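**Q** This is input05.txt, which holds compact mmCIF, all heavy atoms:
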```txt
# COMPACT_ATOMS: atom_id res chain seq x y z
N MET Z 23 112.18 91.24 91.70
CA MET Z 23 112.12 92.64 91.32
C MET Z 23 112.44 92.78 89.83
O MET Z 23 113.14 91.97 89.26
CB MET Z 23 113.12 93.44 92.14
CG MET Z 23 112.89 93.38 93.65
SD MET Z 23 111.33 94.08 94.15
CE MET Z 23 111.65 95.79 93.92
N VAL Z 24 111.94 93.82 89.27
CA VAL Z 24 112.14 94.09 87.85
C VAL Z 24 113.47 94.81 87.66
O VAL Z 24 113.83 95.69 88.43
CB VAL Z 24 110.98 94.95 87.31
CG1 VAL Z 24 111.19 95.27 85.85
CG2 VAL Z 24 109.67 94.23 87.53
N LYS Z 25 114.19 94.44 86.63
CA LYS Z 25 115.46 95.10 86.36
C LYS Z 25 115.20 96.48 85.76
O LYS Z 25 114.46 96.61 84.79
CB LYS Z 25 116.30 94.26 85.41
CG LYS Z 25 116.69 92.93 86.01
CD LYS Z 25 117.88 92.37 85.28
CE LYS Z 25 118.33 91.07 85.87
NZ LYS Z 25 119.00 91.19 87.11
N PRO Z 26 115.79 97.53 86.32
CA PRO Z 26 115.54 98.89 85.83
C PRO Z 26 115.88 99.08 84.36
O PRO Z 26 115.22 99.84 83.66
CB PRO Z 26 116.43 99.75 86.72
CG PRO Z 26 116.58 98.96 87.97
CD PRO Z 26 116.60 97.52 87.53
N ALA Z 27 116.89 98.40 83.85
CA ALA Z 27 117.27 98.56 82.45
C ALA Z 27 116.18 98.05 81.52
O ALA Z 27 115.92 98.63 80.46
CB ALA Z 27 118.57 97.83 82.18
N ILE Z 28 115.51 96.97 81.90
CA ILE Z 28 114.42 96.42 81.08
C ILE Z 28 113.22 97.36 81.13
O ILE Z 28 112.58 97.63 80.12
CB ILE Z 28 114.04 95.01 81.57
CG1 ILE Z 28 115.21 94.04 81.36
CG2 ILE Z 28 112.79 94.51 80.88
CD1 ILE Z 28 115.00 92.68 81.97
N VAL Z 29 112.93 97.87 82.31
CA VAL Z 29 111.78 98.77 82.47
C VAL Z 29 111.97 100.03 81.64
O VAL Z 29 111.03 100.52 81.03
CB VAL Z 29 111.60 99.12 83.96
CG1 VAL Z 29 110.55 100.20 84.14
CG2 VAL Z 29 111.22 97.87 84.74
N ALA Z 30 113.17 100.56 81.59
CA ALA Z 30 113.43 101.78 80.85
C ALA Z 30 113.15 101.60 79.35
O ALA Z 30 112.80 102.55 78.66
CB ALA Z 30 114.87 102.22 81.06
N LYS Z 31 113.27 100.37 78.85
CA LYS Z 31 113.04 100.12 77.43
C LYS Z 31 111.56 99.96 77.08
O LYS Z 31 111.17 100.22 75.96
CB LYS Z 31 113.78 98.85 77.01
CG LYS Z 31 115.29 99.00 77.04
CD LYS Z 31 115.97 97.71 76.62
CE LYS Z 31 117.48 97.84 76.72
NZ LYS Z 31 118.16 96.59 76.35
N VAL Z 32 110.74 99.50 78.03
CA VAL Z 32 109.36 99.16 77.69
C VAL Z 32 108.31 100.13 78.22
O VAL Z 32 107.13 99.97 77.92
CB VAL Z 32 109.01 97.73 78.17
CG1 VAL Z 32 109.86 96.70 77.45
CG2 VAL Z 32 109.15 97.61 79.66
N THR Z 33 108.69 101.13 78.98
CA THR Z 33 107.72 102.07 79.51
C THR Z 33 108.31 103.48 79.55
O THR Z 33 109.52 103.64 79.48
CB THR Z 33 107.26 101.65 80.92
OG1 THR Z 33 106.24 102.53 81.36
CG2 THR Z 33 108.40 101.68 81.91
N THR Z 34 107.42 104.45 79.66
CA THR Z 34 107.89 105.83 79.77
C THR Z 34 108.13 106.24 81.21
O THR Z 34 108.67 107.31 81.47
CB THR Z 34 106.85 106.79 79.16
OG1 THR Z 34 105.60 106.60 79.84
CG2 THR Z 34 106.66 106.50 77.67
N MET Z 35 107.73 105.39 82.16
CA MET Z 35 107.96 105.69 83.58
C MET Z 35 109.43 105.47 83.92
O MET Z 35 110.12 104.68 83.27
CB MET Z 35 107.10 104.79 84.46
CG MET Z 35 105.63 105.05 84.33
SD MET Z 35 104.58 103.88 85.22
CE MET Z 35 105.40 103.71 86.76
N SER Z 36 109.87 106.16 84.94
CA SER Z 36 111.25 105.97 85.38
C SER Z 36 111.39 104.62 86.08
O SER Z 36 110.41 104.10 86.64
CB SER Z 36 111.67 107.09 86.34
OG SER Z 36 111.01 106.93 87.58
N PRO Z 37 112.57 104.03 86.05
CA PRO Z 37 112.77 102.75 86.73
C PRO Z 37 112.46 102.83 88.22
O PRO Z 37 111.91 101.89 88.80
CB PRO Z 37 114.25 102.45 86.49
CG PRO Z 37 114.58 103.17 85.23
CD PRO Z 37 113.75 104.41 85.26
N ALA Z 38 112.77 103.95 88.85
CA ALA Z 38 112.49 104.09 90.28
C ALA Z 38 110.99 104.08 90.56
O ALA Z 38 110.52 103.47 91.52
CB ALA Z 38 113.12 105.37 90.81
N ALA Z 39 110.21 104.75 89.70
CA ALA Z 39 108.76 104.76 89.88
C ALA Z 39 108.18 103.36 89.70
O ALA Z 39 107.29 102.94 90.43
CB ALA Z 39 108.12 105.72 88.89
N THR Z 40 108.70 102.62 88.73
CA THR Z 40 108.23 101.27 88.50
C THR Z 40 108.52 100.38 89.70
O THR Z 40 107.67 99.59 90.12
CB THR Z 40 108.87 100.69 87.23
OG1 THR Z 40 108.64 101.59 86.15
CG2 THR Z 40 108.30 99.35 86.89
N GLN Z 41 109.70 100.49 90.26
CA GLN Z 41 110.05 99.72 91.45
C GLN Z 41 109.14 100.10 92.61
O GLN Z 41 108.71 99.25 93.38
CB GLN Z 41 111.52 99.96 91.84
CG GLN Z 41 112.52 99.43 90.85
CD GLN Z 41 112.65 97.92 90.88
OE1 GLN Z 41 111.69 97.19 90.85
NE2 GLN Z 41 113.89 97.46 90.94
N GLY Z 42 108.83 101.37 92.74
CA GLY Z 42 107.95 101.82 93.81
C GLY Z 42 106.56 101.25 93.67
O GLY Z 42 105.95 100.81 94.66
N PHE Z 43 106.01 101.27 92.45
CA PHE Z 43 104.69 100.70 92.23
C PHE Z 43 104.68 99.20 92.50
O PHE Z 43 103.72 98.66 93.05
CB PHE Z 43 104.20 100.97 90.80
CG PHE Z 43 103.73 102.38 90.59
CD1 PHE Z 43 104.26 103.15 89.57
CD2 PHE Z 43 102.75 102.93 91.41
CE1 PHE Z 43 103.81 104.45 89.38
CE2 PHE Z 43 102.31 104.22 91.22
CZ PHE Z 43 102.84 104.99 90.20
N LEU Z 44 105.73 98.51 92.12
CA LEU Z 44 105.82 97.08 92.37
C LEU Z 44 105.86 96.78 93.86
O LEU Z 44 105.16 95.90 94.35
CB LEU Z 44 107.06 96.50 91.68
CG LEU Z 44 107.31 95.01 91.88
CD1 LEU Z 44 106.16 94.20 91.29
CD2 LEU Z 44 108.63 94.61 91.23
N LEU Z 45 106.65 97.53 94.60
CA LEU Z 45 106.71 97.35 96.05
C LEU Z 45 105.38 97.67 96.71
O LEU Z 45 104.97 97.00 97.66
CB LEU Z 45 107.83 98.18 96.65
CG LEU Z 45 109.24 97.68 96.35
CD1 LEU Z 45 110.28 98.68 96.84
CD2 LEU Z 45 109.48 96.34 97.00
N PHE Z 46 104.70 98.70 96.22
CA PHE Z 46 103.39 99.05 96.74
C PHE Z 46 102.39 97.92 96.51
O PHE Z 46 101.59 97.58 97.40
CB PHE Z 46 102.89 100.34 96.08
CG PHE Z 46 101.54 100.78 96.57
CD1 PHE Z 46 101.41 101.36 97.82
CD2 PHE Z 46 100.43 100.62 95.77
CE1 PHE Z 46 100.16 101.77 98.27
CE2 PHE Z 46 99.18 101.02 96.21
CZ PHE Z 46 99.04 101.60 97.47
N ALA Z 47 102.42 97.31 95.33
CA ALA Z 47 101.52 96.20 95.02
C ALA Z 47 101.81 94.99 95.90
O ALA Z 47 100.90 94.32 96.38
CB ALA Z 47 101.63 95.84 93.54
N ILE Z 48 103.09 94.70 96.11
CA ILE Z 48 103.46 93.57 96.97
C ILE Z 48 103.00 93.81 98.39
O ILE Z 48 102.41 92.92 99.04
CB ILE Z 48 104.98 93.33 96.91
CG1 ILE Z 48 105.38 92.81 95.54
CG2 ILE Z 48 105.43 92.36 98.01
CD1 ILE Z 48 106.89 92.79 95.31
N ALA Z 49 103.23 95.01 98.91
CA ALA Z 49 102.82 95.32 100.28
C ALA Z 49 101.30 95.30 100.42
O ALA Z 49 100.76 94.80 101.42
CB ALA Z 49 103.35 96.69 100.69
N GLY Z 50 100.59 95.80 99.42
CA GLY Z 50 99.13 95.78 99.46
C GLY Z 50 98.56 94.37 99.43
O GLY Z 50 97.62 94.05 100.16
N GLY Z 51 99.15 93.52 98.61
CA GLY Z 51 98.72 92.12 98.55
C GLY Z 51 98.97 91.39 99.85
O GLY Z 51 98.14 90.60 100.32
N TYR Z 52 100.12 91.66 100.45
CA TYR Z 52 100.45 91.04 101.73
C TYR Z 52 99.47 91.50 102.81
O TYR Z 52 98.96 90.69 103.59
CB TYR Z 52 101.88 91.38 102.13
CG TYR Z 52 102.31 90.76 103.44
CD1 TYR Z 52 102.65 89.42 103.51
CD2 TYR Z 52 102.36 91.52 104.59
CE1 TYR Z 52 103.03 88.85 104.71
CE2 TYR Z 52 102.74 90.97 105.80
CZ TYR Z 52 103.08 89.63 105.85
OH TYR Z 52 103.43 89.07 107.04
N ALA Z 53 99.18 92.79 102.85
CA ALA Z 53 98.26 93.32 103.86
C ALA Z 53 96.85 92.77 103.67
O ALA Z 53 96.19 92.39 104.64
CB ALA Z 53 98.24 94.84 103.79
N ALA Z 54 96.39 92.71 102.43
CA ALA Z 54 95.04 92.19 102.16
C ALA Z 54 94.95 90.71 102.53
O ALA Z 54 93.97 90.27 103.14
CB ALA Z 54 94.68 92.41 100.70
N GLY Z 55 95.95 89.94 102.16
CA GLY Z 55 95.94 88.51 102.48
C GLY Z 55 96.00 88.23 103.97
O GLY Z 55 95.30 87.36 104.48
N THR Z 56 96.81 88.99 104.68
CA THR Z 56 96.90 88.82 106.12
C THR Z 56 95.59 89.20 106.80
O THR Z 56 95.11 88.50 107.69
CB THR Z 56 98.05 89.68 106.68
OG1 THR Z 56 99.26 89.30 106.03
CG2 THR Z 56 98.21 89.50 108.17
N THR Z 57 95.00 90.30 106.37
CA THR Z 57 93.73 90.73 106.95
C THR Z 57 92.62 89.73 106.66
O THR Z 57 91.86 89.35 107.56
CB THR Z 57 93.34 92.11 106.39
OG1 THR Z 57 94.38 93.04 106.68
CG2 THR Z 57 92.04 92.60 106.99
N LEU Z 58 92.53 89.27 105.42
CA LEU Z 58 91.50 88.32 105.05
C LEU Z 58 91.67 87.00 105.80
O LEU Z 58 90.70 86.40 106.26
CB LEU Z 58 91.51 88.09 103.54
CG LEU Z 58 90.35 87.32 102.94
CD1 LEU Z 58 89.03 88.01 103.29
CD2 LEU Z 58 90.50 87.24 101.45
N GLY Z 59 92.90 86.56 105.93
CA GLY Z 59 93.16 85.34 106.69
C GLY Z 59 92.77 85.48 108.15
O GLY Z 59 92.21 84.55 108.75
N GLY Z 60 93.04 86.63 108.73
CA GLY Z 60 92.66 86.87 110.11
C GLY Z 60 91.16 86.90 110.30
O GLY Z 60 90.63 86.34 111.27
N VAL Z 61 90.46 87.52 109.38
CA VAL Z 61 88.99 87.59 109.46
C VAL Z 61 88.39 86.19 109.33
O VAL Z 61 87.50 85.81 110.10
CB VAL Z 61 88.43 88.54 108.38
CG1 VAL Z 61 86.92 88.42 108.27
CG2 VAL Z 61 88.83 89.97 108.69
N VAL Z 62 88.86 85.43 108.35
CA VAL Z 62 88.34 84.06 108.17
C VAL Z 62 88.66 83.22 109.40
O VAL Z 62 87.82 82.45 109.88
CB VAL Z 62 88.91 83.42 106.89
CG1 VAL Z 62 88.60 81.94 106.82
CG2 VAL Z 62 88.36 84.12 105.66
N GLY Z 63 89.85 83.35 109.93
CA GLY Z 63 90.23 82.58 111.12
C GLY Z 63 89.38 82.93 112.33
O GLY Z 63 89.01 82.04 113.11
N GLU Z 64 89.06 84.19 112.49
CA GLU Z 64 88.25 84.61 113.64
C GLU Z 64 86.78 84.23 113.48
O GLU Z 64 86.14 83.78 114.43
CB GLU Z 64 88.35 86.13 113.84
CG GLU Z 64 89.65 86.59 114.42
CD GLU Z 64 89.78 86.23 115.90
OE1 GLU Z 64 88.76 86.27 116.61
OE2 GLU Z 64 90.89 85.90 116.31
N LEU Z 65 86.24 84.43 112.30
CA LEU Z 65 84.81 84.19 112.10
C LEU Z 65 84.46 82.72 111.89
O LEU Z 65 83.44 82.25 112.40
CB LEU Z 65 84.29 85.01 110.91
CG LEU Z 65 84.33 86.53 111.08
CD1 LEU Z 65 83.83 87.21 109.83
CD2 LEU Z 65 83.52 86.96 112.29
N ALA Z 66 85.25 82.02 111.13
CA ALA Z 66 84.90 80.65 110.75
C ALA Z 66 85.74 79.59 111.47
O ALA Z 66 85.47 78.41 111.32
CB ALA Z 66 85.02 80.49 109.24
N GLY Z 67 86.75 79.98 112.20
CA GLY Z 67 87.58 79.01 112.91
C GLY Z 67 88.84 78.67 112.14
O GLY Z 67 88.92 78.84 110.92
N MET Z 68 89.79 78.17 112.89
CA MET Z 68 91.10 77.87 112.29
C MET Z 68 91.04 76.73 111.29
O MET Z 68 91.77 76.72 110.31
CB MET Z 68 92.12 77.54 113.39
CG MET Z 68 92.59 78.76 114.15
SD MET Z 68 93.33 80.01 113.11
CE MET Z 68 94.85 79.20 112.64
N SER Z 69 90.17 75.76 111.49
CA SER Z 69 90.11 74.63 110.56
C SER Z 69 89.65 75.09 109.18
O SER Z 69 90.13 74.59 108.16
CB SER Z 69 89.20 73.54 111.09
OG SER Z 69 87.88 74.04 111.26
N SER Z 70 88.72 76.06 109.15
CA SER Z 70 88.28 76.55 107.85
C SER Z 70 89.32 77.44 107.19
O SER Z 70 89.29 77.64 105.98
CB SER Z 70 86.96 77.31 107.99
OG SER Z 70 87.16 78.45 108.78
N LEU Z 71 90.24 77.98 107.98
CA LEU Z 71 91.29 78.82 107.41
C LEU Z 71 92.18 78.00 106.48
O LEU Z 71 92.58 78.46 105.43
CB LEU Z 71 92.13 79.46 108.52
CG LEU Z 71 93.25 80.39 108.08
CD1 LEU Z 71 92.69 81.57 107.31
CD2 LEU Z 71 94.03 80.87 109.28
N PHE Z 72 92.47 76.76 106.86
CA PHE Z 72 93.30 75.91 106.00
C PHE Z 72 92.59 75.58 104.70
O PHE Z 72 93.21 75.52 103.64
CB PHE Z 72 93.69 74.63 106.76
CG PHE Z 72 94.46 74.91 108.01
CD1 PHE Z 72 94.00 74.48 109.25
CD2 PHE Z 72 95.65 75.62 107.97
CE1 PHE Z 72 94.71 74.74 110.40
CE2 PHE Z 72 96.37 75.89 109.12
CZ PHE Z 72 95.88 75.45 110.34
N VAL Z 73 91.27 75.38 104.77
CA VAL Z 73 90.49 75.15 103.55
C VAL Z 73 90.51 76.40 102.68
O VAL Z 73 90.68 76.32 101.46
CB VAL Z 73 89.05 74.73 103.90
CG1 VAL Z 73 88.19 74.65 102.65
CG2 VAL Z 73 89.04 73.42 104.66
N PHE Z 74 90.36 77.57 103.30
CA PHE Z 74 90.38 78.83 102.56
C PHE Z 74 91.71 79.03 101.84
O PHE Z 74 91.74 79.41 100.67
CB PHE Z 74 90.12 79.99 103.52
CG PHE Z 74 90.26 81.34 102.90
CD1 PHE Z 74 89.28 81.82 102.03
CD2 PHE Z 74 91.36 82.13 103.16
CE1 PHE Z 74 89.41 83.07 101.46
CE2 PHE Z 74 91.50 83.38 102.58
CZ PHE Z 74 90.51 83.85 101.72
N VAL Z 75 92.81 78.74 102.52
CA VAL Z 75 94.13 78.87 101.90
C VAL Z 75 94.29 77.88 100.75
O VAL Z 75 94.81 78.24 99.68
CB VAL Z 75 95.24 78.69 102.96
CG1 VAL Z 75 96.60 78.57 102.31
CG2 VAL Z 75 95.22 79.83 103.96
N ALA Z 76 93.82 76.65 100.93
CA ALA Z 76 93.93 75.65 99.86
C ALA Z 76 93.13 76.06 98.64
O ALA Z 76 93.61 75.94 97.50
CB ALA Z 76 93.47 74.30 100.38
N VAL Z 77 91.92 76.55 98.85
CA VAL Z 77 91.08 76.98 97.73
C VAL Z 77 91.69 78.20 97.03
O VAL Z 77 91.73 78.27 95.80
CB VAL Z 77 89.64 77.27 98.20
CG1 VAL Z 77 88.83 77.96 97.12
CG2 VAL Z 77 88.97 76.00 98.67
N SER Z 78 92.19 79.15 97.82
CA SER Z 78 92.82 80.35 97.24
C SER Z 78 94.05 79.98 96.42
O SER Z 78 94.27 80.54 95.34
CB SER Z 78 93.20 81.33 98.34
OG SER Z 78 92.07 81.76 99.03
N ALA Z 79 94.85 79.05 96.92
CA ALA Z 79 96.04 78.62 96.18
C ALA Z 79 95.66 77.90 94.90
O ALA Z 79 96.35 78.03 93.88
CB ALA Z 79 96.90 77.73 97.06
N THR Z 80 94.58 77.15 94.92
CA THR Z 80 94.13 76.46 93.73
C THR Z 80 93.66 77.45 92.66
O THR Z 80 93.96 77.28 91.48
CB THR Z 80 92.98 75.48 94.07
OG1 THR Z 80 93.43 74.58 95.07
CG2 THR Z 80 92.51 74.73 92.86
N ILE Z 81 92.95 78.48 93.10
CA ILE Z 81 92.49 79.49 92.15
C ILE Z 81 93.66 80.28 91.58
O ILE Z 81 93.69 80.57 90.38
CB ILE Z 81 91.48 80.44 92.85
CG1 ILE Z 81 90.21 79.69 93.19
CG2 ILE Z 81 91.18 81.66 91.97
CD1 ILE Z 81 89.25 80.47 94.05
N ALA Z 82 94.62 80.61 92.41
CA ALA Z 82 95.77 81.40 91.96
C ALA Z 82 96.62 80.57 91.04
O ALA Z 82 97.20 81.00 90.11
CB ALA Z 82 96.59 81.87 93.15
```
What do you get writing this file as C-alpha cells?
**A**
Amino acid sequence: MVKPAIVAKVTTMSPAATQGFLLFAIAGGYAAGTTLGGVVGELAGMSSLFVFVAVSATIA
C-alpha cells in the first residue's frame, strides 16, 4: 500500500481517495485474472491453463 504522507506530497487527491483507487485496481485485477483463468481452464483444459499462466508471468 502507498503511504498517505507520500501521496499527499505528489498529488492533489486526498490520501484516502488514492488508497481507494489502489484497492479498486487490485480488486479489479484479481477479478479479471480469476475470470480469465476460469475461462481458459474450461475452454482449453487444465493443462493449457498452466501454459497460459507461464506465458502471462513471462510477459508481466
**Q** Report the centre and edge lengths, in Å to one decimal, of an axis-aligned box enclosing every atom of range 38-55 of chain Z listed in the file, padded by 8 Å on each side, as lines of an AutoDock Vina configuration file.
**A**
```
center_x = 103.9
center_y = 96.5
center_z = 96.6
size_x = 35.9
size_y = 34.4
size_z = 36.9
```
**Q** Between Z:Ala27, Z:Ala76, Z:Ala82, Z:Leu71, which residue has the minimum interatomic distance to Gly59 in chain Z, considering all heavy atoms?
**A**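 Checking each candidate against Gly59 in chain Z, we get Z:Leu71 as the closest.
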**Q** Would you compute the distance between CB of Ala30 in chain Z and CA of Ala49 in chain Z? Give it in Å to one decimal.
**A**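 A separation of 23.7 Å between them.
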**Q** Please indicate the distance in Å from atom N of Thr40 in chain Z to atom N of Gly55 in chain Z, rounded to one decimal place.
**A**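 Atom N of Gly55 in chain Z lies at a distance of 22.4 Å from atom N of Thr40 in chain Z.
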